[in-house]
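Some notes on the structure that comes next.
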2 protein chains.
Amino acid sequence: MCELLAMDCNNPTDLVFSFRGFSKRGGCTGPHGDGWGLAFFEGRAARVFLDPNACSASPLAEFFRNTPVKTLQALAHIRKKTRGHVKLANTHPFQRELWGRHWVFAHNGTLRDADALKLGRFRPVGTTDSEHAFCSLLEMLRATFRDEPADPTAMDDAIADHAGRLARLGTFNFVMGNGDRLFARCDTRLCHIVRRYPFGRATLKDDDVSIDFGAVTTPRDRVAVVATTPLTVDETWVHGDPATLWVFRRGRLLSTLPSGVPIARKVPRHLRATAATPSP
Amino acid sequence: MCELLAMDCNNPTDLVFSFRGFSKRGGCTGPHGDGWGLAFFEGRAARVFLDPNACSASPLAEFFRNTPVKTLQALAHIRKKTRGHVKLANTHPFQRELWGRHWVFAHNGTLRDADALKLGRFRPVGTTDSEHAFCSLLEMLRATFRDEPADPTAMDDAIADHAGRLARLGTFNFVMGNGDRLFARCDTRLCHIVRRYPFGRATLKDDDVSIDFGAVTTPRDRVAVVATTPLTVDETWVHGDPATLWVFRRGRLLSTLPSGVPIARKVPRHLRATAATPSP
């Protein structure tokens, strides 16, 4: 299993505070030492920084723990491998171009037989179930909409539907961004917070750091943060319902869409005690 | 105009020495202060580090000037913009996935009307002539070979041919890698060196640094380095002929292919005095 982090906001914001706590889980306060990655969007373009080593001990991660990069959307992932060796090609987040914009994707959970998914123009570079699922999602979008749809809510619905189908293969928590919209699907574990005026104080759960957001924001700022589990101890995070997709844009939660069958209903009742269940 | 750097080798090697000199040209000893990028391959996967700021003053570039990353193939670019604003989407090298492997591309020169090129599944995220040309090259490969060709020399020939056609639009020096092969096209300026046993000493042209390669290599090592202009003052670099494509693999120059019409013949003789000529 892995952990996910994403940020979506209406004014350029850096990820330093959240990433500081999050990255500690990559081999220090958490067991996720099999690589990490970080993506920052600037308009339609993303830059993705990948490192197949433990985040907590990575000099590159240390660089980003100390260097503010302002962005409207960022995604991050720390990996505890379940499928696929520890190597660069298997390091999240994955990136592809569709419709002249970058798409970035990171997954938490495991999908069975994902390599049997029918793919089209997008092919995995590595061997993870996650990258296969991402390629399948993008191919569905390409096949459904010839071009970026004028009505983006049609795209939201298509993503929620297809992700729900993919989730039948196992556990499918993910964050996916295209610089304009941030999609976050909860299967077993995902939470979010929207920070806005009046801003308060927050203290990291994984590091001895707290921040007064009021001192570093304006009343118009709005920042949504999505994470596998809450990153702070003194804020109220919203826990996702199984089989729902959140769609964020410019720091605002636009919609909460049904996305497939909730995890508890995936396994027939008489099999539940013995069937493989997702890791806590 | 911009500057190009690429390395291709048979044993994992870091780029620190070459990048140290090269990156000085990004706003310090050279005028190329409009962004920079650096790609490292690990097998079929690349990680690309992009920064739309001047390389010589970039903290991220400083990180890579001091942090050895061992790889069999690396590509770098420093930008002096001619087409497209300074922004992340216009920062080289560009990256796409084709046939389940990453392709990375960086360009030196300017192509006229590149945005009129017919494109297919690969679309530019930014507004540079360079990314348009890269998308055109990959679409040609996808349309010509349904899958990665069993005989890679057919791919070499197709790239040389198509690049020659694109070069009719202007100046088209480039480096392109897919982790297995490194393609380097000379239009006006490109040179290379293959370092191998017995290794000697080398001194950077742009920084007060020299290295004894004999002390950091084994007799079996073989490292090809491609650059816009020689990076060292005490080695013999091979200067490319206009309209040729070098193909490298595992530090070895596999072939030198004709690629279109040499630059001197592009402009009819009677127009040469007034026609736009490539920058020196």
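Chain labels follow the order of the structure tokens: the first chain is A, the next B, and so on; residue numbering restarts at 1 in every chain, and ligands are counted from 1 in their shown order.
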
Which residues of chain A come within 8 Å of chain B, and what is each one's closest atom pair and distance in Å (one decimal), counting only C-alpha atoms, sorted by chain and residue number, as a tab-separated table?
residue	atom	partner	partner_atom	distance
A:Glu42	CA	B:Leu88	CA	6.4
A:Gly43	CA	B:Ala89	CA	7.9
A:Arg44	CA	B:Val125	CA	6.4
A:Ala45	CA	B:Ala89	CA	5.0
A:Ala46	CA	B:Leu88	CA	7.6
A:Arg47	CA	B:Leu50	CA	6.3
A:Val48	CA	B:Val48	CA	7.2
A:Phe49	CA	B:Phe49	CA	6.5
A:Leu50	CA	B:Arg47	CA	6.3
A:Leu88	CA	B:Glu42	CA	6.4
A:Ala89	CA	B:Ala45	CA	5.0
A:Arg96	CA	B:Arg96	CA	6.9
A:Glu97	CA	B:Arg96	CA	7.2
A:Leu98	CA	B:Arg123	CA	7.4
A:Trp99	CA	B:Arg123	CA	6.4
A:Gly100	CA	B:Val125	CA	4.5
A:Arg101	CA	B:Val125	CA	5.1
A:His102	CA	B:Val125	CA	7.2
A:Phe122	CA	B:Glu97	CA	7.5
A:Arg123	CA	B:Gly100	CA	4.8
A:Pro124	CA	B:Gly100	CA	5.2
A:Val125	CA	B:Gly100	CA	4.5
A:Gly126	CA	B:Ala45	CA	7.6

Practice task
Please identify which residues in segment 49-259 of chain B DSSP calls alpha helix (DSSP H) from the backbone, and express them as a ChimeraX atom specification.
Solution key: /B:59-66,129-144,152-166

Handout entry: Near-segment 106-115 of chain A list (6 Å; only C-alpha atoms; drop same-chain fewer than 6 positions) as a list in words
Key = Met1, Cys2, His92, Pro93, Asp129, Ser130, Leu169, Gly170, Thr171, Phe172, Asn173, Phe174 and Val175 of chain A

Problem - Separation of atom CA of Val233 of chain B from atom CA of Leu204 of chain B in Å - result: 6.3 Å

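For the atom pair formed by atom CA of Val194 of chain A and atom CA of His77 of chain A, the distance is 19.7 Å, given to one decimal.
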
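The residue that comes closest to Lys81 of chain B, out of B:Gly33, B:Ala116, B:Leu38, B:Asp221 and on the basis of only C-alpha atoms, is B:Gly33.
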
Exercise for the section: Can you work out which one of B:Asp206, B:Glu3, B:Asp156, B:Asp241 has the shortest atom-to-atom distance to Lys24 of chain B, counting only C-alpha atoms? Expected result: B:Asp206

Handout entry: Who sits within 9 Å of Arg189 of chain A, only C-alpha atoms, same chain under 3 positions skipped, as a VMD selection string
Key = chain A and resid 108 173 186 227 to 229 239 to 242 280

Problem - Separation of atom CA of Leu141 of chain B from atom CA of Met155 of chain B in Å - result: 7.4 Å

Practice task
From segment 26-265 of chain B, collect each residue whose DSSP state is strand (DSSP E) and return the set as a PyMOL selection string.
Solution key: chain B and resi 36-42+45-51+71-78+94-98+101-108+173-177+182-186+191-196+201-203+210-212+222-227+238-239+244-249+252-258

Handout entry: 6 Å contact set for segment 6-13 of chain A, only C-alpha atoms, chain neighbours under 6 positions out, as a list in words
Key = Lys70, Thr71, Leu72, Gln73, Ala74, Leu75, Arg222, Val223, Ala224, Val225, Val226, Arg250 and Gly251 of chain A

Problem - Contact residues around Phe248 of chain B with only C-alpha atoms at 6 Å, ignoring same-chain residues under 4 positions, as a ChimeraX atom specification - result: /B:181-182,252-254

Do a neighbour search on Val209 of chain B at 10 Å with only C-alpha atoms, toss out local chain neighbours closer than 5 positions, and write the hits as a PDB file with N, CA and C atoms, in the first residue's frame.
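And here is the file that came out, around.pdb:
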ATOM      1  N   PHE B  17      30.219  16.073 -14.195  1.00  0.00           N
ATOM      2  CA  PHE B  17      31.310  16.855 -14.801  1.00  0.00           C
ATOM      3  C   PHE B  17      30.804  17.670 -15.998  1.00  0.00           C
ATOM      4  N   ARG B  20      28.207  20.345 -15.099  1.00  0.00           N
ATOM      5  CA  ARG B  20      28.784  21.491 -14.398  1.00  0.00           C
ATOM      6  C   ARG B  20      29.203  22.578 -15.391  1.00  0.00           C
ATOM      7  N   GLY B  21      29.888  22.172 -16.442  1.00  0.00           N
ATOM      8  CA  GLY B  21      30.296  23.158 -17.441  1.00  0.00           C
ATOM      9  C   GLY B  21      29.119  23.652 -18.261  1.00  0.00           C
ATOM     10  N   ALA B 202      40.574  15.701 -18.589  1.00  0.00           N
ATOM     11  CA  ALA B 202      39.771  16.679 -19.315  1.00  0.00           C
ATOM     12  C   ALA B 202      39.532  17.884 -18.430  1.00  0.00           C
ATOM     13  N   THR B 203      39.526  19.046 -19.065  1.00  0.00           N
ATOM     14  CA  THR B 203      39.329  20.307 -18.343  1.00  0.00           C
ATOM     15  C   THR B 203      38.156  21.053 -18.956  1.00  0.00           C
ATOM     16  N   LEU B 204      37.244  21.471 -18.108  1.00  0.00           N
ATOM     17  CA  LEU B 204      36.054  22.178 -18.607  1.00  0.00           C
ATOM     18  C   LEU B 204      36.434  23.513 -19.232  1.00  0.00           C
ATOM     19  N   THR B 232      34.988  20.694 -23.277  1.00  0.00           N
ATOM     20  CA  THR B 232      36.327  20.651 -22.686  1.00  0.00           C
ATOM     21  C   THR B 232      37.328  21.275 -23.648  1.00  0.00           C
TER      22      THR B 232
END
